[in-house]
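J.: Structure incoming, see below.
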Amino acid sequence: MSTAARTGSESVATKSGSSSILSVRDVRKTYKLGRVKVPVLHGVDLDVQRSEWVTILGASGSGKSTLLHLMGGLDRPDKQGGQRGAIVFEGNDLARQGKRTLDRYRADDIGFVFQFYHLLPELSVLQNVCVGSMILHGRVGYMSKRTATQQRATELLERFGLGHRLRHRPAELSGGERQRVAIARALINEPKVLLADEPTGNLDMKTGASILDAMIEYRENAGLTMVMVTHDERIAARADRVIRLVDGRVVEAPSGDSQPVS
Amino acid sequence: MYQALLTRKYLTRKIMPMLAMVAVMLSVATILVTWSVMGGFLATLIQSGRTLVGDVAIVWPNVGFGYYDELIEDLEADPMIEAATPTIETFGMIRLPDDRIELISIKGVDPESYSSVTGFTDTLWWKPIDEPTPKDREREDLRLQADDLKAEGGIDLEQVHQNGLTMSRLNPSSGEVEPAGVLGIEVTGLNERTAWGGYYPWGANRALPDGGIAYDHVFMPESGSVVLTVLSLDSDGRPVDPKSITMPIANEFQSGLYEVDQGTIMIPLEVLQRNLRMDEARKVRFEKDANDPFATVYDPATGTVKPKMKEVVGIDPARVTTVLVKKAEGVELEEMRERVREIYAEFASRHEGQVPISANMSRQIKTWEDLNRTMISAVKKETGLVLFIFGIVSFTTVFLVLAIFWSMASEKTKDIGILRALGASTTGIAWLWIRYGAVIGIVGSAIGTVLGYWIVSNINAIHDWIGETFKLVIWDPRQYYFIEIPSDVDPQKAIIVFVVGVLTCVLGALLPAWHSARMDPVKALRFE
C-alpha cells in the first residue's frame with residue numbers, strides 16, 4: 001500500500017486523473033418507499049485509479065451499497081433537471097449504455113463480492129465459481145473454454161484453501177469458506193475492478209481477517225482495482241484510499257497518516 | 001450454458017417441478033386416451049357404416065331406374081371399378097314371430113354380386129367359428145360348438161351359413177329351396193346380447209289376449225320366418241297396393257351399426273322387385289290412332305261415345321333404386337365418384353327419356369361418406385365436444401405450471417439477482433424459465449404420451465382387471481355395441497398431444513419468465 005495512494009488530499013473526487021479506471025460524476029439516487037421518496041445519494045463525485053484499493057466508509061443507510069451497485073452497472077443514477085450523472089468506466093459512460101453493454105460490463109470487467117456471499121445453493125463450489133464464465137462466454141464459448149475455466153477455478157479455490165471442497169455445496173461450508181468461494185467466483189473472469197460490499201461483515205474477526213488477507217494478496221499480485229464498502233475502520237485503514245459517505249455525499253477523508261480514519 | 005445447468009439442478013432438487021411434471025403427464029395421458037378411444041369409436045363406426053354400402057352408390061329412390069344391368073356392365077368394364085351390384089331400398093312393415101309389428105328398412109339384394117361389392121359375407125352372424133371372440137374366455141359362443149349343435153340340436157350352422165350366402169332355405173314340408181331373407185340380428189329381440197359381446201338365441205314370448213304368455217322355441221335361421229308388408233308402386237312411383245310376403249329367415253347379420261342391425265332385413269332382389277312391381281313387365285298404354293284421329297267408339301257400359309284409342313304394348317324394364325359400386329385398389333374415392341358420373345352420363349345419353357338424366361343423377365351419385373354423413377358428423381361432433389371439455393380441463397395445467405413456476409421464480413428471486421450481478425441478461429433469465437418449462441413439458445409430455453399409449457394399447461385388459469377387482473364394468477358389451485373398447489393409437493394424434501403438452505408448459509412458464517426478467521437486480525439481491 002503506497003503512502004501517496006493513501007493521502008486523502010490526493011484522493012477525493014473531482015480530481016480526475018488520467019489513469020482513472022472508474023469515475024463517478026454528480027451521481028444522484030432516490031428510492032421510493034411507497035409514496036415516500038428517500039434520497040440516498042446527493043451528487044457523488046469519485047475517481048478510482050487503476051490498481052487502486054479504495055474503501056468507502058459510511059454509516060448504515062449512507063448509500064455505500066447503492067453507490068457500489070451504480071458503479072457495478074446493477075442500477076442507474078437518477079436524472080436531475082434532465083441531466084443524469086455519469087459513471088465512466090475506461091472512457092465510457094455507463095449511465096448512457098444499453099442493457100446489453102451493462103450486462104457485458106458486469107460479466108467481463110466487474111467482479112462482485114457480497115456480504116452474504118450470494119452463492120447458488122443448488123450448485124457445487126466449483127460450479128458456483130464457473131457460472132460467471134458460463135454467463136460471459138455463452139454455451140458455445142464456454143464449451144471451448146471449459147477445461148481452462150475449470151482449471152482456473154480449481155486454482156483459485158486451492159489458492160483460497162478450498163481445494164478439497166470443490167464438489168461440496170454451499171450449505172456444507174462455513175461462512176468464511178462460502179465467502180472465499182464468492183471471491184473466487186468474482187475473480188474467475190479476471191475482472192478489472194472488484195466491487196466488494198462488506199465482504200467480512202458477516203464473519204468473525206479472525207475469519208474476516210484471513211479473507212481480507214487473501215483478497216489483498218491476490219490484488220497485489222494481479223494489480224486488481226478494488227472498491228470495498230465497509231463500516232470497519234480497521235479494514236479501511238489498510239486501503240490505498242478511504243472515502244467517507246455522509247448523507248449521500250463524499251466527504252474528504254483525513255490524510256497524511258496511516259491510522260484508521262475516525 | 002448456465003440455464004442448462006440450473007434447469008437440471010432445479011429439476012432434480014425440488015419437489016414442485018416433479019409435481020408439475022406429474023400434472024403434465026396425467027393431462028397428456030388423459031387427452032391421448034380420450035382422443036384415441038373416441039377416435040377408435042368413430043373409426044369403428046365409420047367402418048361399420050361402410051360395410052354394407054360399398055364405396056359409391058347411384059341412388060334414384062322410390063321409382064328407381066331401368067337398364068341397370070347395362071349400367072353395371074359399363075361400370076365393371078372400367079379399370080377403376082372392381083364390381084357393382086343392383087339393390088332396392090324401401091321401407092315396409094314386419095311382423096315378427098311374437099306378433100309384434102315394426103317398421104323396417106328392406107333391402108333387395110343379389111347375394112353373389114352384393115358380397116363382391118360389400119362386406120356382407122363377413123356380417124353373417126350364424127356360422128361355425130374356430131376362435132372365440134375376445135371376451136368369450138369361457139368359450140360360451142354357440143358358434144364354437146357347431147358340431148355339438150348339429151349332433152344334439154339338429155342345427156347345422158354350416159348350412160345356415162350357406163343359406164345366408166345364397167339367401168335361400170330349404171322348406172322341409174315341400175322339400176323345395178325357397179328364397180329367404182337375412183335379418184338384422186337385433187330386429188327380433190330374440191337374440192340376447194351376452195356379457196362377452198355375442199348372442200344367445202331365445203324363444204319368442206307371445207302376449208295372449210287373456211293376459212297369458214305363450215312361449216315358442218324358435219331359432220330364426222332354422223325355423224323362423226317373418227311377414228313383410230310393402231307398398232308396390234307404379235312406374236310413376238305412386239303406391240298401388242300393399243303386398244305381404246312371408247319370408248323365411250336364412251341367417252342374421254351384424255354390421256356393427258346398431259341402427260342398421262335393429263331395423264334392416266335383406267331379401268333376394270327379384271322377390272322385392274316382384275312385390276314392388278319393379279320387375280320387367282308388359283307395358284300397355286292407349287293412344288289415338290294417327291291415321292284416324294277423330295274416330296269414335298260407343299261405350300256400352302256408360303252408353304256414351306268416346307274417342308277411339310289404340311292399345312300399344314311395350315316392355316317396362318326391371319328397375320332398382322340403387323347401384324352400389326366398389327372401387328379398384330388404390331383408386332381415390334372422389335376420383336372414382338367422378339368416373340362413375342362420367343359413365344352414368346354416357347349411359348343416360350344412350351337411354352334418353354328412359355332413365356334419369358345425368359344432370360339430375362349427378363347429385364344422387366354419393367360416396368359412402370355422403371351416405372353416412374349424419375352418423376359420422378354426429379360422432380365427430382361428440383368426439384370434438386369430449387375433447388373440448390377435456391382440453392379445458394387440461395388447460396388448467398397451464399395455470400398449474402404458471403402457479404408452480406411463479407412460486408419457484410419467487411423463491412429463486414435471490415438467484416436471479418445473483419445471476420444478474422454476474423452479468424446474466426434479461427433474456428438469459430427469461431430463457432432460464434422458458435427452458436425450464438419446456439423441459440418439464442418435454443419430460444412430462446413424453447412420459448404422458450408413453451403412458452397414454454400403454455393405457456390405450458392395454459385398455460381392455462385394464463378394463464377387465466378393474467371389473468374383476470372392483471366389480472366395476474364401464475364398457476358393457478350388452479349396452480355398447482362393440483365387444484371391446486377401441487384400442488388403436490394414431491401416431492399423428494400422439495405427436496399432436498405431445499407438442500400441445502410441451503407448448504402448454506412453455507405457455508405457463510412465459511409469465512414467470514417475463515416477471516423474472518423484469519426483476520430489479522438490486523431488489524432481487526436484497527430479497528429475503
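As shown in the C-alpha cells, the chain order sets the letters A, B, ...; within each chain, residues go from 1, and ligands are also counted from 1 in the order they appear.
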Can you check which residues of region 274-468 of chain B DSSP gives as strand (DSSP E) on the backbone and send them as an MDAnalysis selection string?
T.: chainID B and resid 281:288 296:299 304:307 309:316 319:320 322:327 365:367
J.: So which residues touch region 99-112 of chain A within 9 Å, counting only C-alpha atoms, skipping near sequence neighbours fewer than 5 positions away, as a PyMOL selection string?
T.: (chain A and resi 72-74+94+132-133+135-136+182-183+185-197) or (chain B and resi 420-426)
J.: Using only C-alpha atoms, find the residues of chain B whose closest atom to chain A is at most 10 Å away, then write them as an NGL selection string.
T.: :B and (1-6 or 8-10 or 12-14 or 412 or 414-428 or 520-522 or 525-526)
J.: Which value, in Å to one decimal, gives the distance between CA of Arg339 (chain B) and CA of Val53 (chain B)?
T.: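 Computed distance, CA of Arg339 (chain B) to CA of Val53 (chain B), equals 18.0 Å.
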J.: Need to verify the contact set: Ile485 (chain B), 9 Å, only C-alpha atoms, exclusion of same-chain residues closer than 6 positions in sequence. Can you return it as a ChimeraX atom specification?
T.: /B:37,40-41,456,459-460,463,475
J.: Assign secondary structure with DSSP using the backbone only, and return the residues of region 148-254 of chain A in alpha helix (DSSP H) as a PDB file with C-alpha atoms, in the first residue's frame.
T.:
ATOM      1  CA  ALA A 148      -9.280 -23.923 -18.931  1.00  0.00           C
ATOM      2  CA  THR A 149     -12.071 -22.336 -16.876  1.00  0.00           C
ATOM      3  CA  GLN A 150     -12.373 -25.304 -14.556  1.00  0.00           C
ATOM      4  CA  GLN A 151      -8.633 -25.355 -14.162  1.00  0.00           C
ATOM      5  CA  ARG A 152      -8.565 -21.660 -13.275  1.00  0.00           C
ATOM      6  CA  ALA A 153     -11.490 -22.114 -10.878  1.00  0.00           C
ATOM      7  CA  THR A 154      -9.691 -25.000  -9.198  1.00  0.00           C
ATOM      8  CA  GLU A 155      -6.516 -22.943  -8.917  1.00  0.00           C
ATOM      9  CA  LEU A 156      -8.394 -20.032  -7.396  1.00  0.00           C
ATOM     10  CA  LEU A 157     -10.168 -22.270  -4.924  1.00  0.00           C
ATOM     11  CA  GLU A 158      -6.924 -24.003  -3.992  1.00  0.00           C
ATOM     12  CA  ARG A 159      -5.331 -20.607  -3.531  1.00  0.00           C
ATOM     13  CA  GLY A 175     -19.295 -18.694   6.382  1.00  0.00           C
ATOM     14  CA  GLY A 176     -15.621 -17.984   5.696  1.00  0.00           C
ATOM     15  CA  GLU A 177     -15.421 -20.761   3.149  1.00  0.00           C
ATOM     16  CA  ARG A 178     -18.538 -19.503   1.407  1.00  0.00           C
ATOM     17  CA  GLN A 179     -17.076 -16.034   1.172  1.00  0.00           C
ATOM     18  CA  ARG A 180     -13.881 -17.433  -0.333  1.00  0.00           C
ATOM     19  CA  VAL A 181     -15.997 -19.220  -2.940  1.00  0.00           C
ATOM     20  CA  ALA A 182     -17.773 -15.932  -3.658  1.00  0.00           C
ATOM     21  CA  ILE A 183     -14.408 -14.173  -4.113  1.00  0.00           C
ATOM     22  CA  ALA A 184     -13.175 -16.921  -6.415  1.00  0.00           C
ATOM     23  CA  ARG A 185     -16.394 -16.566  -8.422  1.00  0.00           C
ATOM     24  CA  ALA A 186     -15.870 -12.802  -8.672  1.00  0.00           C
ATOM     25  CA  LEU A 187     -12.341 -13.357  -9.973  1.00  0.00           C
ATOM     26  CA  MET A 205     -12.838 -11.196  13.233  1.00  0.00           C
ATOM     27  CA  LYS A 206     -10.325 -13.951  12.643  1.00  0.00           C
ATOM     28  CA  THR A 207     -12.072 -15.318   9.590  1.00  0.00           C
ATOM     29  CA  GLY A 208     -12.669 -11.797   8.277  1.00  0.00           C
ATOM     30  CA  ALA A 209      -9.004 -11.009   8.633  1.00  0.00           C
ATOM     31  CA  SER A 210      -7.971 -14.142   6.755  1.00  0.00           C
ATOM     32  CA  ILE A 211     -10.436 -13.342   3.956  1.00  0.00           C
ATOM     33  CA  LEU A 212      -9.114  -9.837   3.728  1.00  0.00           C
ATOM     34  CA  ASP A 213      -5.523 -11.101   3.638  1.00  0.00           C
ATOM     35  CA  ALA A 214      -6.413 -13.394   0.768  1.00  0.00           C
ATOM     36  CA  MET A 215      -8.031 -10.547  -1.168  1.00  0.00           C
ATOM     37  CA  ILE A 216      -5.138  -8.189  -0.553  1.00  0.00           C
ATOM     38  CA  GLU A 217      -2.618 -10.788  -1.618  1.00  0.00           C
ATOM     39  CA  TYR A 218      -4.490 -11.501  -4.815  1.00  0.00           C
ATOM     40  CA  ARG A 219      -4.955  -7.788  -5.560  1.00  0.00           C
ATOM     41  CA  GLU A 220      -1.283  -7.050  -5.098  1.00  0.00           C
ATOM     42  CA  ASN A 221      -0.229  -9.930  -7.301  1.00  0.00           C
ATOM     43  CA  ALA A 222      -2.769  -9.254 -10.023  1.00  0.00           C
ATOM     44  CA  GLU A 233     -12.367   1.395  10.088  1.00  0.00           C
ATOM     45  CA  ARG A 234      -9.563  -1.128  10.725  1.00  0.00           C
ATOM     46  CA  ILE A 235     -10.156  -2.581   7.289  1.00  0.00           C
ATOM     47  CA  ALA A 236     -10.375   0.893   5.792  1.00  0.00           C
TER      48      ALA A 236
END
J.: Could you give me, as number ranges by chain, the residues within 6 Å of Gly437 (chain B), counting only C-alpha atoms and dropping anything in the same chain fewer than 5 positions from it?
T.: B: 505-506, 509
J.: Go ahead and save the picked residues with N, CA and C atoms, as a compact mmCIF listing (two decimals), in the first residue's frame.
T.:
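After the write, result_4.txt holds the following:
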# COMPACT_ATOMS: atom_id res chain seq x y z
N CYS B 505 -46.83 -26.08 -21.34
CA CYS B 505 -45.87 -25.78 -20.27
C CYS B 505 -45.09 -24.51 -20.56
N VAL B 506 -44.70 -24.37 -21.83
CA VAL B 506 -43.96 -23.15 -22.20
C VAL B 506 -44.86 -21.93 -21.97
N ALA B 509 -44.96 -21.07 -18.49
CA ALA B 509 -43.69 -20.52 -17.98
C ALA B 509 -43.45 -19.08 -18.44
J.: Between CA of Glu76 (chain B) and CA of Val323 (chain B), measure the distance and give it in Å to one decimal.
T.: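 Taking CA of Glu76 (chain B) as the start and CA of Val323 (chain B) as the end point, the length is 11.8 Å.
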J.: Env of Asp78 (chain B): 10 Å cut, atoms = only C-alpha atoms, seq-sep filter 2 positions within chain, self excluded. Answer as a ChimeraX atom specification.
T.: /B:73-76,80-83,327-328,339-340,343
